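Notes follow once the structure below has been shown.
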Amino acid sequence: VTWCNYVSSATIGSLCGKGLDMDALRDMSAQVMENSTRPPDRLFVEALVLRVMESVGEQMLQCPERLSYLLFHTFQEAGGLYDLGVGTNFTIDMDKLHDGLVQMNLHTNPYTRCKMPNGKFELGLNFDDINESGIQCRQNVTKTFK
């Protein structure tokens, strides 16, 4: 909810203002806050999806904003928070969930540059960069502080 509120209040020129439907974000935030019109079984499934994401992406617990960004997209791809009366499939993209961890494994020192597999010399990535990528609504994790 906090992530949806923060992102939906971002200015048009910010990274979050690009490519996201701000009305959908505000709507999702309002639905999560209200919850009285949504069936309990749907609420259970949404909690289960979050718990599965937390379990299989354990390190991402250190990056709640990135996790919120990915959870939002997982719900959107499944049709949003509305119960459509038909079976809903929630798909967790493991590559997106673990994005940043491989880079961290290769080089974590944020103060020195190291040649990465892409051939570029980059500063090390850390959990702050992964989390900030969620705040900035980046599809891919990247170094955010230089």
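Quick note on naming: the chains in the structure tokens go A, B, ... in the order shown, residues restart at 1 in each chain, and ligands are numbered from 1 in order of appearance.
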
TODO: Looking only at helix (DSSP H, G or I) from DSSP on the backbone, list the matching residues of segment 33-106 of chain A as a PyMOL selection string.
DONE: chain A and resi 33-34+40-56+58-62+64-77+94-97+101-106

Task: Pick from A:Gly87, A:Leu43, A:His107, A:Tyr69, whichever lies nearest to Leu20 of chain A using only C-alpha atoms - done: A:Tyr69

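For chain A, backbone-based DSSP assignment of strand (DSSP E or B) covers Arg113, Cys114, Lys115, Phe121, Glu122 and Leu123 of chain A.
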
Pull N, CA and C atoms from the residues just selected and write them as an mmCIF file, in the first residue's frame.
data_model
loop_
_atom_site.group_PDB
_atom_site.id
_atom_site.type_symbol
_atom_site.label_atom_id
_atom_site.label_comp_id
_atom_site.auth_asym_id
_atom_site.auth_seq_id
_atom_site.Cartn_x
_atom_site.Cartn_y
_atom_site.Cartn_z
ATOM 1 N N ARG A 113 35.392 0.160 -8.908
ATOM 2 C CA ARG A 113 34.856 -0.350 -10.170
ATOM 3 C C ARG A 113 35.519 -1.690 -10.492
ATOM 4 N N CYS A 114 34.716 -2.554 -11.054
ATOM 5 C CA CYS A 114 35.192 -3.882 -11.429
ATOM 6 C C CYS A 114 34.604 -4.208 -12.798
ATOM 7 N N LYS A 115 35.380 -4.917 -13.606
ATOM 8 C CA LYS A 115 34.865 -5.290 -14.925
ATOM 9 C C LYS A 115 33.812 -6.383 -14.756
ATOM 10 N N PHE A 121 33.027 -1.433 -16.680
ATOM 11 C CA PHE A 121 33.546 -1.293 -15.327
ATOM 12 C C PHE A 121 32.480 -0.588 -14.495
ATOM 13 N N GLU A 122 31.967 -1.268 -13.473
ATOM 14 C CA GLU A 122 30.867 -0.736 -12.686
ATOM 15 C C GLU A 122 31.176 -0.802 -11.202
ATOM 16 N N LEU A 123 30.533 0.106 -10.454
ATOM 17 C CA LEU A 123 30.599 0.056 -9.006
ATOM 18 C C LEU A 123 29.773 -1.124 -8.517
#

Task: atom CA of Leu106 of chain A to atom CA of Phe72 of chain A, distance in Å rounded to a single decimal - done: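 Going from atom CA of Leu106 of chain A over to atom CA of Phe72 of chain A covers 28.5 Å.
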
Task: Gap from atom CA of Phe44 of chain A to atom CA of Leu97 of chain A - Å, one decimal - done: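 Atom CA of Leu97 of chain A lies at a distance of 21.2 Å from atom CA of Phe44 of chain A.
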
Open item on the list: Could you list, as a PyMOL selection string, every residue within 9 Å of Thr91 of chain A, counting only C-alpha atoms and ignoring same-chain residues fewer than 4 positions away?
Closed with: chain A and resi 49+74-75+77-78

Open item on the list: Taking only C-alpha atoms into account, name the residue in A:Lys146, A:Gly80, A:Asp95, A:Ile135 that is nearest to Thr112 of chain A.
Closed with: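 Among the listed residues, A:Lys146 lies closest to Thr112 of chain A.
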
Open item on the list: When you look at Ile92 of chain A with a cut-off of 12 Å (counting only C-alpha atoms), what residues show up, excluding the ones that are within fewer than 6 positions of it in the same chain? I need them as a ChimeraX atom specification.
Closed with: /A:48-57,67,70-78,98
